[in-house]
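This is my_file.txt (compact mmCIF, C-alpha atoms).
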# COMPACT_ATOMS: atom_id res chain seq x y z
CA MET A 6 121.75 203.20 -46.66
CA ASP A 7 121.95 205.47 -43.63
CA LEU A 8 118.22 205.10 -43.31
CA LEU A 9 118.59 201.40 -42.62
CA ALA A 10 121.34 201.72 -39.99
CA PHE A 11 120.79 199.87 -36.75
CA GLY A 12 120.52 201.84 -33.54
CA ASN A 13 119.16 205.32 -33.01
CA THR A 14 120.25 206.79 -36.30
CA GLY A 15 118.42 204.48 -38.67
CA TRP A 16 115.40 202.25 -39.04
CA GLY A 17 117.24 198.94 -39.47
CA ASP A 18 116.54 197.47 -36.05
CA GLU A 19 112.93 198.72 -35.99
CA LEU A 20 112.25 197.13 -39.36
CA PHE A 21 113.98 193.94 -38.24
CA PHE A 22 111.73 193.61 -35.21
CA ALA A 23 108.72 194.57 -37.32
CA THR A 24 109.57 191.69 -39.65
CA LEU A 25 109.71 189.33 -36.67
CA MET A 26 106.32 190.68 -35.62
CA THR A 27 104.88 189.95 -39.07
CA VAL A 28 106.21 186.39 -38.87
CA ALA A 29 104.85 185.99 -35.33
CA VAL A 30 101.38 187.23 -36.30
CA SER A 31 101.36 185.05 -39.41
CA ILE A 32 102.30 181.94 -37.45
CA SER A 33 99.78 182.52 -34.68
CA ALA A 34 97.08 183.38 -37.24
CA MET A 35 97.89 180.16 -39.07
CA VAL A 36 97.63 178.17 -35.81
CA ILE A 37 94.33 179.84 -34.87
CA GLY A 38 93.17 179.15 -38.42
CA PHE A 39 94.00 175.45 -37.96
CA CYS A 40 91.90 175.40 -34.79
CA PHE A 41 88.97 176.91 -36.71
CA ALA A 42 89.53 174.44 -39.54
CA LEU A 43 89.56 171.56 -37.07
CA ILE A 44 86.12 172.65 -35.86
CA PHE A 45 84.56 173.55 -39.19
CA THR A 46 85.91 170.82 -41.49
CA PRO A 47 83.90 168.08 -39.71
CA LEU A 48 80.86 170.37 -39.82
CA LYS A 49 81.23 170.87 -43.56
CA LEU A 50 81.58 167.12 -44.10
CA SER A 51 78.76 166.24 -41.72
CA LYS A 52 75.56 164.71 -43.07
CA ASN A 53 73.45 166.68 -40.58
CA LYS A 54 71.90 169.54 -42.55
CA PHE A 55 72.07 172.06 -39.73
CA LEU A 56 75.75 171.42 -38.92
CA ASN A 57 76.50 171.48 -42.61
CA PHE A 58 74.80 174.86 -42.93
CA ILE A 59 76.94 176.30 -40.11
CA GLY A 60 80.13 175.03 -41.73
CA ASN A 61 79.17 176.36 -45.13
CA SER A 62 78.12 179.76 -43.76
CA TYR A 63 81.51 180.22 -42.11
CA THR A 64 83.54 179.59 -45.25
CA THR A 65 81.15 181.43 -47.56
CA ILE A 66 80.89 184.55 -45.43
CA ILE A 67 84.57 184.85 -44.59
CA ARG A 68 85.71 184.16 -48.13
CA GLY A 69 83.12 186.52 -49.62
CA VAL A 70 83.68 189.53 -47.38
CA PRO A 71 86.82 191.71 -47.60
CA GLU A 72 89.50 190.99 -45.01
CA LEU A 73 89.58 194.63 -44.01
CA LEU A 74 85.89 194.53 -43.03
CA VAL A 75 86.48 191.49 -40.79
CA ILE A 76 89.41 193.28 -39.19
CA TYR A 77 87.32 196.40 -38.53
CA LEU A 78 84.58 194.23 -37.00
CA LEU A 79 87.01 192.64 -34.57
CA PHE A 80 88.97 195.80 -33.93
CA PHE A 81 85.93 197.88 -33.06
CA GLY A 82 83.73 195.06 -31.77
CA GLY A 83 86.30 192.79 -30.13
CA SER A 84 86.73 194.51 -26.79
CA GLY A 85 82.99 195.16 -26.61
CA ALA A 86 82.27 191.46 -27.02
CA VAL A 87 84.87 190.47 -24.44
CA MET A 88 83.53 193.08 -22.00
CA TYR A 89 80.00 191.74 -22.55
CA VAL A 90 81.10 188.20 -21.72
CA ALA A 91 83.07 189.48 -18.73
CA SER A 92 80.04 191.41 -17.44
CA ILE A 93 78.07 188.16 -17.31
CA PHE A 94 80.70 186.94 -14.87
CA GLY A 95 80.41 190.15 -12.91
CA TYR A 96 83.46 192.01 -14.18
CA ASN A 97 82.47 195.49 -15.29
CA LYS A 98 85.73 197.36 -15.87
CA TYR A 99 87.02 198.42 -19.26
CA ILE A 100 89.01 195.73 -21.00
CA GLU A 101 91.33 196.60 -23.83
CA ILE A 102 92.50 193.72 -25.95
CA ASN A 103 96.04 193.71 -27.13
CA ALA A 104 96.46 194.57 -30.83
CA PHE A 105 98.50 191.42 -31.37
CA ILE A 106 95.68 189.20 -30.13
CA THR A 107 92.97 191.03 -32.11
CA GLY A 108 95.15 190.99 -35.20
CA SER A 109 96.10 187.34 -35.12
CA PHE A 110 92.52 186.41 -34.27
CA ALA A 111 91.14 188.41 -37.22
CA ILE A 112 93.66 186.99 -39.68
CA GLY A 113 93.22 183.57 -38.05
CA ILE A 114 89.47 183.56 -38.76
CA ILE A 115 90.18 184.42 -42.38
CA SER A 116 92.97 181.89 -42.85
CA GLY A 117 90.81 179.30 -41.06
CA ALA A 118 88.16 179.56 -43.77
CA TYR A 119 90.75 178.84 -46.45
CA SER A 120 92.28 176.01 -44.39
CA THR A 121 88.83 174.48 -43.91
CA GLU A 122 88.35 174.32 -47.67
CA VAL A 123 91.79 172.78 -48.11
CA PHE A 124 91.24 170.10 -45.44
CA ARG A 125 87.80 169.31 -46.77
CA GLY A 126 89.18 168.82 -50.26
CA ALA A 127 92.02 166.69 -48.93
CA ILE A 128 89.76 164.41 -46.89
CA LEU A 129 87.37 164.00 -49.81
CA SER A 130 90.21 162.89 -52.06
CA ILE A 131 91.41 160.18 -49.69
CA ASP A 132 90.54 156.76 -51.07
CA LYS A 133 87.25 155.48 -49.63
CA GLY A 134 88.88 152.10 -48.99
CA GLN A 135 90.97 153.67 -46.23
CA PHE A 136 87.87 154.67 -44.26
CA GLU A 137 86.27 151.30 -44.79
CA ALA A 138 89.44 149.39 -43.92
CA SER A 139 89.91 151.17 -40.61
CA LYS A 140 86.24 150.58 -39.83
CA VAL A 141 86.53 146.89 -40.62
CA LEU A 142 89.65 146.63 -38.47
CA GLY A 143 87.61 148.11 -35.65
CA LEU A 144 90.03 150.97 -34.96
CA LYS A 145 89.01 153.41 -32.27
CA LYS A 146 87.80 156.79 -33.53
CA HIS A 147 90.87 158.76 -32.50
CA VAL A 148 93.27 156.13 -33.83
CA HIS A 149 91.31 156.12 -37.07
CA PHE A 150 91.58 159.89 -37.38
CA PHE A 151 95.11 160.52 -36.15
CA LYS A 152 96.87 157.46 -37.56
CA VAL A 153 94.97 156.73 -40.75
CA ILE A 154 93.24 159.84 -42.05
CA MET A 155 95.44 162.67 -40.76
CA PRO A 156 98.79 161.57 -42.29
CA GLN A 157 97.21 161.04 -45.69
CA MET A 158 95.26 164.26 -45.45
CA LEU A 159 98.40 166.25 -44.64
CA ARG A 160 100.25 164.95 -47.67
CA LEU A 161 97.39 165.99 -49.92
CA ALA A 162 96.87 169.31 -48.12
CA ILE A 163 100.42 170.65 -47.93
CA PRO A 164 100.66 172.13 -51.44
CA ASN A 165 97.38 174.00 -50.91
CA LEU A 166 98.27 174.94 -47.35
CA SER A 167 101.35 176.64 -48.69
CA ASN A 168 99.00 178.87 -50.69
CA VAL A 169 97.02 179.58 -47.51
CA TRP A 170 100.26 180.49 -45.77
CA GLN A 171 101.14 182.96 -48.54
CA ILE A 172 97.68 184.54 -48.33
CA THR A 173 97.93 184.74 -44.53
CA LEU A 174 101.38 186.29 -44.67
CA LYS A 175 100.19 188.98 -47.07
CA ASP A 176 96.96 189.56 -45.13
CA THR A 177 98.93 190.47 -42.01
CA SER A 178 99.82 193.73 -43.73
CA LEU A 179 96.16 194.72 -43.27
CA ILE A 180 96.29 194.68 -39.49
CA SER A 181 98.61 197.67 -39.65
CA VAL A 182 95.34 199.64 -39.66
CA THR A 183 94.81 198.60 -36.04
CA GLY A 184 98.17 200.03 -35.02
CA LEU A 185 100.11 196.83 -34.47
CA VAL A 186 103.72 197.57 -35.41
CA GLU A 187 104.49 195.04 -38.13
CA ILE A 188 106.33 195.67 -41.40
CA MET A 189 103.64 197.87 -42.93
CA ARG A 190 103.02 199.97 -39.83
CA GLN A 191 106.74 200.43 -39.19
CA SER A 192 107.28 201.52 -42.79
CA TYR A 193 104.39 203.96 -42.41
CA ILE A 194 106.00 205.44 -39.28
CA ALA A 195 109.42 205.57 -40.89
CA ALA A 196 108.03 207.07 -44.10
CA GLY A 197 106.19 209.70 -42.10
CA SER A 198 109.16 210.84 -40.09
CA THR A 199 111.78 210.73 -42.85
CA ARG A 200 109.48 211.88 -45.67
CA ASP A 201 110.81 209.09 -47.81
CA PRO A 202 107.80 206.85 -48.45
CA LEU A 203 109.09 205.51 -51.77
CA PHE A 204 112.16 204.00 -50.15
CA PHE A 205 110.44 202.55 -47.10
CA TYR A 206 107.43 201.07 -48.88
CA SER A 207 109.70 199.57 -51.53
CA PHE A 208 111.83 198.15 -48.77
CA ALA A 209 108.68 196.72 -47.16
CA ALA A 210 107.85 195.08 -50.49
CA VAL A 211 111.35 193.56 -50.56
CA LEU A 212 110.88 192.24 -47.01
CA TYR A 213 107.58 190.59 -47.96
CA LEU A 214 109.18 189.10 -51.08
CA LEU A 215 111.99 187.74 -48.93
CA LEU A 216 109.49 186.20 -46.50
CA THR A 217 107.44 184.57 -49.26
CA PHE A 218 110.62 183.34 -50.96
CA LEU A 219 112.07 181.81 -47.79
CA SER A 220 108.80 180.19 -46.78
CA MET A 221 108.43 178.67 -50.26
CA LYS A 222 111.86 177.07 -49.87
CA LEU A 223 110.91 175.70 -46.47
CA ILE A 224 107.54 174.37 -47.62
CA ASN A 225 109.11 172.66 -50.63
CA LYS A 226 111.36 170.76 -48.22
CA LEU A 227 108.36 169.77 -46.11
CA GLU A 228 106.52 168.66 -49.22
CA THR A 229 109.29 166.30 -50.29
CA LYS A 230 109.38 164.93 -46.77
CA TYR A 231 105.68 164.09 -46.78
CA ARG A 232 105.78 162.77 -50.32
CA ARG A 233 108.29 160.08 -49.38
CA GLY A 234 107.16 156.78 -50.80
CA TYR A 235 104.97 158.32 -53.50
CA MET B 13 70.73 194.98 -32.42
CA ASP B 14 70.05 198.45 -33.78
CA LEU B 15 67.67 197.96 -36.71
CA ASP B 16 67.23 201.69 -37.31
CA LEU B 17 70.94 202.13 -37.88
CA MET B 18 70.95 199.21 -40.29
CA ILE B 19 68.10 200.70 -42.29
CA SER B 20 69.48 204.24 -42.27
CA SER B 21 72.98 203.19 -43.26
CA PHE B 22 71.81 200.97 -46.10
CA PRO B 23 71.36 203.74 -48.73
CA LYS B 24 74.74 205.26 -47.80
CA LEU B 25 76.43 201.90 -48.17
CA LEU B 26 74.61 201.22 -51.42
CA ASN B 27 75.88 204.53 -52.78
CA ALA B 28 79.40 203.56 -51.81
CA THR B 29 78.93 200.24 -53.57
CA LEU B 30 78.89 202.18 -56.85
CA VAL B 31 82.43 203.37 -56.13
CA THR B 32 83.48 199.79 -55.37
CA LEU B 33 81.92 198.53 -58.61
CA LYS B 34 83.58 201.29 -60.63
CA LEU B 35 86.96 200.47 -59.12
CA LEU B 36 86.39 196.77 -59.73
CA SER B 37 85.29 197.03 -63.36
CA LEU B 38 87.99 199.47 -64.43
CA SER B 39 90.77 197.49 -62.78
CA LEU B 40 89.47 194.24 -64.23
CA ILE B 41 89.46 195.70 -67.74
CA PHE B 42 92.99 197.12 -67.44
CA GLY B 43 94.12 193.99 -65.60
CA LEU B 44 92.84 191.72 -68.35
CA ILE B 45 94.76 193.70 -70.97
CA LEU B 46 97.91 193.63 -68.85
CA GLY B 47 97.42 189.95 -68.06
CA LEU B 48 97.02 189.00 -71.71
CA PHE B 49 100.06 191.06 -72.65
CA PHE B 50 102.27 189.48 -69.98
CA ALA B 51 100.95 185.97 -70.64
CA ILE B 52 101.98 186.35 -74.29
CA LEU B 53 105.39 187.67 -73.21
CA ARG B 54 105.73 184.68 -70.90
CA LEU B 55 105.15 182.25 -73.75
CA ASN B 56 107.68 184.10 -75.89
CA LYS B 57 110.94 182.28 -76.50
CA ASN B 58 113.02 185.41 -75.96
CA ILE B 59 114.64 184.85 -72.56
CA PHE B 60 114.70 188.53 -71.66
CA LEU B 61 110.99 189.11 -72.30
CA ASN B 62 110.15 185.82 -70.64
CA LYS B 63 112.11 186.63 -67.49
CA PHE B 64 110.69 190.15 -67.39
CA SER B 65 107.15 188.79 -67.38
CA TYR B 66 108.04 186.22 -64.74
CA PHE B 67 109.61 188.91 -62.57
CA TYR B 68 106.52 191.11 -62.90
CA SER B 69 104.12 188.40 -61.80
CA TYR B 70 106.46 187.21 -59.05
CA VAL B 71 106.79 190.65 -57.49
CA PHE B 72 103.10 191.51 -57.66
CA ARG B 73 101.97 188.15 -56.39
CA GLY B 74 104.59 188.00 -53.65
CA THR B 75 103.81 191.33 -51.99
CA PRO B 76 100.63 192.51 -50.30
CA LEU B 77 98.27 194.70 -52.32
CA LEU B 78 98.46 197.28 -49.53
CA VAL B 79 102.20 197.81 -50.12
CA GLN B 80 101.58 198.22 -53.83
CA ILE B 81 98.93 200.88 -53.28
CA PHE B 82 101.12 202.74 -50.80
CA ILE B 83 104.14 202.71 -53.10
CA ILE B 84 102.06 204.14 -55.95
CA TYR B 85 100.04 206.64 -53.91
CA PHE B 86 102.61 207.85 -51.36
CA GLY B 87 105.86 206.79 -53.00
CA LEU B 88 105.64 207.94 -56.60
CA GLY B 89 104.80 211.51 -55.61
CA GLN B 90 108.31 211.77 -54.28
CA ILE B 91 109.94 211.53 -57.67
CA GLU B 92 110.50 215.09 -58.84
CA PHE B 93 110.41 214.25 -62.51
CA LEU B 94 107.00 212.56 -62.18
CA ARG B 95 105.58 215.52 -60.31
CA SER B 96 106.46 217.88 -63.12
CA SER B 97 105.27 215.59 -65.92
CA PHE B 98 101.74 215.22 -67.25
CA LEU B 99 101.47 211.89 -65.40
CA TRP B 100 101.02 213.84 -62.21
CA ILE B 101 97.47 214.71 -63.23
CA ILE B 102 96.67 211.02 -62.84
CA LEU B 103 99.02 210.16 -59.98
CA LYS B 104 97.81 212.87 -57.63
CA GLU B 105 94.33 211.35 -57.59
CA PRO B 106 93.89 208.53 -55.05
CA TYR B 107 91.18 207.12 -57.31
CA TRP B 108 93.56 206.54 -60.22
CA CYS B 109 96.38 205.39 -57.95
CA ALA B 110 94.10 202.71 -56.56
CA ILE B 111 93.05 201.65 -60.06
CA ILE B 112 96.68 201.48 -61.21
CA ALA B 113 97.63 199.35 -58.21
CA PHE B 114 94.63 197.05 -58.59
CA SER B 115 95.18 196.67 -62.33
CA LEU B 116 98.84 195.79 -61.92
CA ASN B 117 97.96 193.34 -59.15
CA THR B 118 95.15 191.58 -60.91
CA GLY B 119 97.17 191.70 -64.14
CA ALA B 120 99.87 189.60 -62.48
CA TYR B 121 97.39 186.95 -61.35
CA THR B 122 95.54 187.03 -64.67
CA SER B 123 98.77 186.54 -66.61
CA GLU B 124 99.44 183.36 -64.60
CA ILE B 125 95.90 182.10 -65.18
CA LEU B 126 96.08 182.79 -68.92
CA ARG B 127 99.57 181.36 -69.24
CA SER B 128 98.54 178.05 -67.74
CA ALA B 129 95.43 178.09 -69.95
CA PHE B 130 97.55 178.62 -73.06
CA GLU B 131 99.94 175.91 -71.98
CA THR B 132 97.22 173.32 -71.49
CA ILE B 133 95.75 173.79 -74.98
CA ASP B 134 95.94 170.49 -76.80
CA LYS B 135 98.73 170.62 -79.42
CA GLY B 136 96.39 168.80 -81.81
CA PHE B 137 94.30 171.95 -82.24
CA LEU B 138 97.29 174.00 -83.32
CA GLU B 139 98.57 171.25 -85.60
CA ALA B 140 95.12 170.88 -87.13
CA GLY B 141 95.04 174.61 -87.81
CA ASP B 142 98.53 174.47 -89.28
CA SER B 143 97.78 171.61 -91.59
CA LEU B 144 94.62 173.30 -92.80
CA GLY B 145 96.82 176.18 -93.85
CA VAL B 146 95.34 178.67 -91.39
CA SER B 147 97.63 181.62 -90.75
CA LYS B 148 99.39 182.02 -87.39
CA LYS B 149 97.38 185.13 -86.61
CA ILE B 150 94.04 183.43 -87.14
CA ILE B 151 95.17 180.36 -85.18
CA PHE B 152 95.90 182.69 -82.27
CA TYR B 153 92.67 184.68 -82.43
CA LYS B 154 90.26 181.96 -83.49
CA ILE B 155 91.68 178.87 -81.80
CA GLN B 156 94.03 179.70 -78.95
CA ILE B 157 92.15 182.63 -77.43
CA PRO B 158 88.65 181.06 -77.32
CA ILE B 159 90.00 177.82 -75.83
CA ALA B 160 92.15 179.69 -73.33
CA ILE B 161 89.15 181.77 -72.23
CA ARG B 162 87.13 178.64 -71.64
CA GLN B 163 89.98 176.98 -69.70
CA SER B 164 90.63 179.96 -67.50
CA LEU B 165 87.03 180.83 -66.63
CA PRO B 166 86.85 179.06 -63.23
CA ALA B 167 90.19 180.48 -62.06
CA TYR B 168 89.35 183.90 -63.43
CA GLY B 169 86.04 183.86 -61.58
CA ASN B 170 87.97 183.37 -58.36
CA GLU B 171 90.26 186.21 -59.31
CA ILE B 172 87.28 188.54 -59.85
CA ILE B 173 86.01 187.73 -56.35
CA LEU B 174 89.49 188.26 -54.88
CA MET B 175 89.69 191.59 -56.68
CA LEU B 176 86.25 192.60 -55.37
CA LYS B 177 87.62 192.04 -51.88
CA GLY B 178 90.84 193.78 -52.87
CA THR B 179 89.01 196.99 -53.78
CA SER B 180 88.28 197.41 -50.06
CA LEU B 181 91.91 198.57 -49.71
CA ALA B 182 91.00 201.72 -51.61
CA SER B 183 89.63 202.94 -48.30
CA THR B 184 93.21 203.16 -46.98
CA VAL B 185 94.01 205.90 -49.48
CA THR B 186 91.01 208.04 -48.45
CA LEU B 187 88.57 206.68 -51.05
CA MET B 188 85.05 206.23 -49.77
CA ASP B 189 84.20 202.84 -51.17
CA LEU B 190 81.90 200.33 -49.48
CA THR B 191 84.47 199.43 -46.82
CA GLY B 192 85.50 203.05 -46.38
CA VAL B 193 81.94 204.17 -45.67
CA ALA B 194 81.33 201.12 -43.45
CA LYS B 195 84.40 202.01 -41.40
CA TYR B 196 83.27 205.62 -41.16
CA ILE B 197 79.83 204.59 -39.87
CA ILE B 198 81.38 202.11 -37.42
CA SER B 199 83.78 204.68 -36.01
CA THR B 200 81.05 207.30 -35.55
CA THR B 201 78.35 205.04 -34.09
CA PHE B 202 80.46 202.30 -32.48
CA LYS B 203 78.04 199.67 -33.68
CA PRO B 204 80.36 197.36 -35.63
CA ILE B 205 78.11 194.31 -35.80
CA GLU B 206 75.13 196.02 -37.43
CA VAL B 207 77.25 197.76 -40.04
CA PHE B 208 79.20 194.59 -40.69
CA ILE B 209 75.99 192.70 -41.40
CA VAL B 210 74.76 195.27 -43.92
CA ALA B 211 78.09 195.90 -45.67
CA GLY B 212 79.06 192.22 -45.54
CA GLY B 213 75.65 191.34 -46.96
CA ILE B 214 76.20 193.65 -49.92
CA TYR B 215 79.62 192.13 -50.57
CA LEU B 216 78.20 188.60 -50.30
CA PHE B 217 75.43 189.50 -52.73
CA MET B 218 78.00 190.70 -55.25
CA THR B 219 80.12 187.58 -54.79
CA PHE B 220 77.01 185.47 -55.27
CA ILE B 221 76.19 187.19 -58.57
CA ILE B 222 79.75 186.97 -59.89
CA HIS B 223 79.88 183.31 -58.94
CA ASN B 224 76.68 182.52 -60.79
CA VAL B 225 77.54 184.54 -63.89
CA ILE B 226 80.84 182.67 -64.17
CA LYS B 227 79.04 179.36 -63.67
CA PHE B 228 76.60 180.28 -66.44
CA LEU B 229 79.45 181.25 -68.79
CA GLU B 230 81.28 178.03 -68.00
CA LYS B 231 78.23 176.05 -69.00
CA LYS B 232 77.69 178.11 -72.11
CA TYR B 233 81.24 177.73 -73.36
CA SER B 234 81.83 174.13 -72.39
CA TYR B 235 82.30 172.00 -75.50
CA LYS B 236 80.48 168.97 -74.20

If you convert what's in this file into structure tokens, what do you get?
Amino acid sequence: MDLLAFGNTGWGDELFFATLMTVAVSISAMVIGFCFALIFTPLKLSKNKFLNFIGNSYTTIIRGVPELLVIYLLFFGGSGAVMYVASIFGYNKYIEINAFITGSFAIGIISGAYSTEVFRGAILSIDKGQFEASKVLGLKKHVHFFKVIMPQMLRLAIPNLSNVWQITLKDTSLISVTGLVEIMRQSYIAAGSTRDPLFFYSFAAVLYLLLTFLSMKLINKLETKYRRGY
Amino acid sequence: MDLDLMISSFPKLLNATLVTLKLLSLSLIFGLILGLFFAILRLNKNIFLNKFSYFYSYVFRGTPLLVQIFIIYFGLGQIEFLRSSFLWIILKEPYWCAIIAFSLNTGAYTSEILRSAFETIDKGFLEAGDSLGVSKKIIFYKIQIPIAIRQSLPAYGNEIILMLKGTSLASTVTLMDLTGVAKYIISTTFKPIEVFIVAGGIYLFMTFIIHNVIKFLEKKYSYK
């Protein structure tokens, strides 16, 4: 237990902050994923063949290529791409992107592909009458989307989104390869300096289990809230 | 775009694909055995066995695969008694550690898939077998298993693709699989996009084939 003491003698406080970091990366990846899903879901549902192709390529490629490969692409290619864009605007100095931003962006792209599939499925399973009714009533496009489609879509999507959240949470362990100090990286550091990998990696597993357990409880509450009236 | 690099790295990456495929097939075979075993335990009425199987699948599905590999590869070597036993011959090899971790991981998911397949088998089939005087053993092998396989094919296909992506983690324990070699080429040439296109293309090709094989099997075994 000494190993987990808070303060300078143990790894308790480091692991605590690392856990917060994991949660922070997961949440921002999830939000970035939603932004991607918001762009690509309409593309996937569009009748235009070209737009449809773009939407399908995104989900097929990201879901068919290992997460680690996507992370390496962004980790090694990210600052190069940003520097290239910056050089167009006449800024030629070296830019290093923060590991947190690269990490949440990489995981966000991955979680976005899963979210896109979930939203697409949810929209497709909304009763056609709802679309027709709001058209007949002459609702404006944004009212139609935000007041009619979105609430129904969310109810249908939440159970599957909880799966996406679990996947995202577990995927954040992969960005430890970029050096961001989340649970996995902190355990790696602690294991290296105490020569007790079994304890620290097992403890990391317990932390992840705790996170998945707590988030399941929270999502179940949300689910009952959105299922009111059904 | 550096076409030369893409062409010259292709054979290296293709070679590494063999490692990936070996890891994938071995862990799928072991995982299927484990999954079947734990699915049967889960359907058992004995509370202890039932809870044990539930705990196994909960732990392995609730933690990242990376943690599982690290515990097995870095962690188990710490136990003195394992180091001196014959198991050490296996556990000192990163290759086998990765396969053990992958098998346990995919076994947990497979057990859930099979369990739900067993649970959704129409009771009428079992009752029909019973009333025809078929023995319990034959009901299990000739009725329950074939139907469960058919039911679980779509979900299992997904699991195979997830596992294919999972094998990329073998590169974190020094194995040179497709992702490992891709990372090596990226870090020596600093051309991430080109390497990503080639390596990602190989992965996508494999996913495509798995997807279509499963689709074919689904059609073949559908009873309509």

Once you count all atoms listed in the file, which residues of chain A turn out to be within 6 Å of chain B? Could you give them as a PyMOL selection string?
chain A and resi 69-71+78+82+175+202-203+206+210+213-214

Between CA of Ile128 in chain A and CA of Val148 in chain A, what distance in Å does the model show, to one decimal?
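Between these atoms lies a distance of 15.9 Å.
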
Neighbouring residues of Lys104 in chain B were defined as those with any atom within 9 Å, considering only C-alpha atoms; residues of the same chain fewer than 4 positions away were excluded. Please report them as a PyMOL selection string.
chain B and resi 85+89+95+99-100+108-109

Please dump the current selection as a PDB file, in the coordinates of the input; keep C-alpha atoms.
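Dumped to result.pdb:
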ATOM      1  CA  TYR B  85     100.040 206.640 -53.910  1.00  0.00           C
ATOM      2  CA  GLY B  89     104.800 211.510 -55.610  1.00  0.00           C
ATOM      3  CA  ARG B  95     105.580 215.520 -60.310  1.00  0.00           C
ATOM      4  CA  LEU B  99     101.470 211.890 -65.400  1.00  0.00           C
ATOM      5  CA  TRP B 100     101.020 213.840 -62.210  1.00  0.00           C
ATOM      6  CA  TRP B 108      93.560 206.540 -60.220  1.00  0.00           C
ATOM      7  CA  CYS B 109      96.380 205.390 -57.950  1.00  0.00           C
TER       8      CYS B 109
END

Near range 52-62 of chain A, within 12 Å and counting all atoms listed in the file, which residues show up once chain neighbours fewer than 6 positions away are dropped, as a list in words?
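Final neighbour list, sorted by chain and number: Phe41, Ala42, Leu43, Ile44, Phe45, Thr46, Arg68, Gly69, Val70, Gly117, Ala118, Tyr119, Thr121, Glu122 and Arg125 of chain A; Leu216 of chain B.
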
Set the distance at 12 Å and use all atoms listed in the file: which residues neighbour Leu185 in chain A once local chain neighbours fewer than 6 positions away are removed? I'd like the list as a short mmCIF file (atom, residue, chain, number, x, y, z; two decimals) with C-alpha atoms, in the frame of the given file.
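Everything below was put into out_31.cif:
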data_model
loop_
_atom_site.label_atom_id
_atom_site.label_comp_id
_atom_site.auth_asym_id
_atom_site.auth_seq_id
_atom_site.Cartn_x
_atom_site.Cartn_y
_atom_site.Cartn_z
CA ALA A 23 108.72 194.57 -37.32
CA THR A 24 109.57 191.69 -39.65
CA MET A 26 106.32 190.68 -35.62
CA THR A 27 104.88 189.95 -39.07
CA ALA A 29 104.85 185.99 -35.33
CA VAL A 30 101.38 187.23 -36.30
CA PHE A 80 88.97 195.80 -33.93
CA ILE A 102 92.50 193.72 -25.95
CA ASN A 103 96.04 193.71 -27.13
CA ALA A 104 96.46 194.57 -30.83
CA PHE A 105 98.50 191.42 -31.37
CA ILE A 106 95.68 189.20 -30.13
CA THR A 107 92.97 191.03 -32.11
CA GLY A 108 95.15 190.99 -35.20
CA SER A 109 96.10 187.34 -35.12
CA THR A 177 98.93 190.47 -42.01
CA SER A 178 99.82 193.73 -43.73
CA LEU A 179 96.16 194.72 -43.27
CA GLN A 191 106.74 200.43 -39.19
CA SER A 192 107.28 201.52 -42.79
CA TYR A 193 104.39 203.96 -42.41
CA ILE A 194 106.00 205.44 -39.28
#

So what do you get for CA of Thr186 in chain B versus CA of Phe21 in chain A, distance-wise?
28.8 Å

What is the CA of Tyr168 in chain B to CA of Ile125 in chain B distance in Å?
7.0 Å

Mind working out the centre and edge lengths of an axis-aligned box for range 183-199 of chain B, all listed atoms inside, 8 Å added to each side, rounded to one decimal in Å and written as AutoDock Vina command-line options?
--center_x 86.9 --center_y 203.7 --center_z -43.6 --size_x 30.2 --size_y 24.6 --size_z 31.2

For range 167-174 of chain A, please output as a VMD selection string all residues within 9 Å (counting all atoms listed in the file; exclusion window: fewer than 2 positions along the same chain).
(chain A and resid 27 to 28 30 to 32 34 to 35 112 to 113 115 to 117 119 to 120 123 162 to 165 176 to 178 213 216 to 217 220 to 221 224 to 225) or (chain B and resid 74 76)

Find the nearest atom pair between each residue of range 109-159 of chain B and range 39-55 of chain B for residues within 12 Å, count all atoms listed in the file, give distances in Å to one decimal, sort rows by chain and ascending number, and present the table as a Markdown table.
| residue | atom | partner | partner_atom | distance |
| --- | --- | --- | --- | --- |
| B:Cys109 | CA | B:Ser39 | CA | 10.8 |
| B:Ala110 | CA | B:Ser39 | CA | 8.8 |
| B:Ile111 | CA | B:Ser39 | CA | 5.5 |
| B:Ile112 | CA | B:Ser39 | CA | 7.3 |
| B:Ala113 | CA | B:Ser39 | CA | 8.5 |
| B:Phe114 | CA | B:Ser39 | CA | 5.7 |
| B:Ser115 | CA | B:Gly43 | CA | 4.4 |
| B:Leu116 | CA | B:Gly43 | CA | 6.2 |
| B:Asn117 | CA | B:Gly43 | CA | 7.5 |
| B:Thr118 | CA | B:Gly43 | CA | 5.4 |
| B:Gly119 | CA | B:Gly43 | CA | 4.1 |
| B:Ala120 | CA | B:Gly47 | CA | 6.1 |
| B:Tyr121 | CA | B:Gly47 | CA | 7.4 |
| B:Thr122 | CA | B:Gly47 | CA | 4.9 |
| B:Ser123 | CA | B:Gly47 | CA | 3.9 |
| B:Glu124 | CA | B:Ala51 | CA | 6.8 |
| B:Ile125 | CA | B:Ala51 | CA | 8.4 |
| B:Leu126 | CA | B:Ala51 | CA | 6.1 |
| B:Arg127 | CA | B:Ala51 | CA | 5.0 |
| B:Ser128 | CA | B:Ala51 | CA | 8.8 |
| B:Ala129 | CA | B:Ala51 | CA | 9.6 |
| B:Phe130 | CA | B:Leu55 | CA | 8.5 |
| B:Glu131 | CA | B:Leu55 | CA | 8.4 |
| B:Phe152 | CA | B:Ile52 | CA | 10.7 |
| B:Gln156 | CA | B:Ile52 | CA | 11.4 |
| B:Ile157 | CA | B:Leu48 | CA | 9.8 |
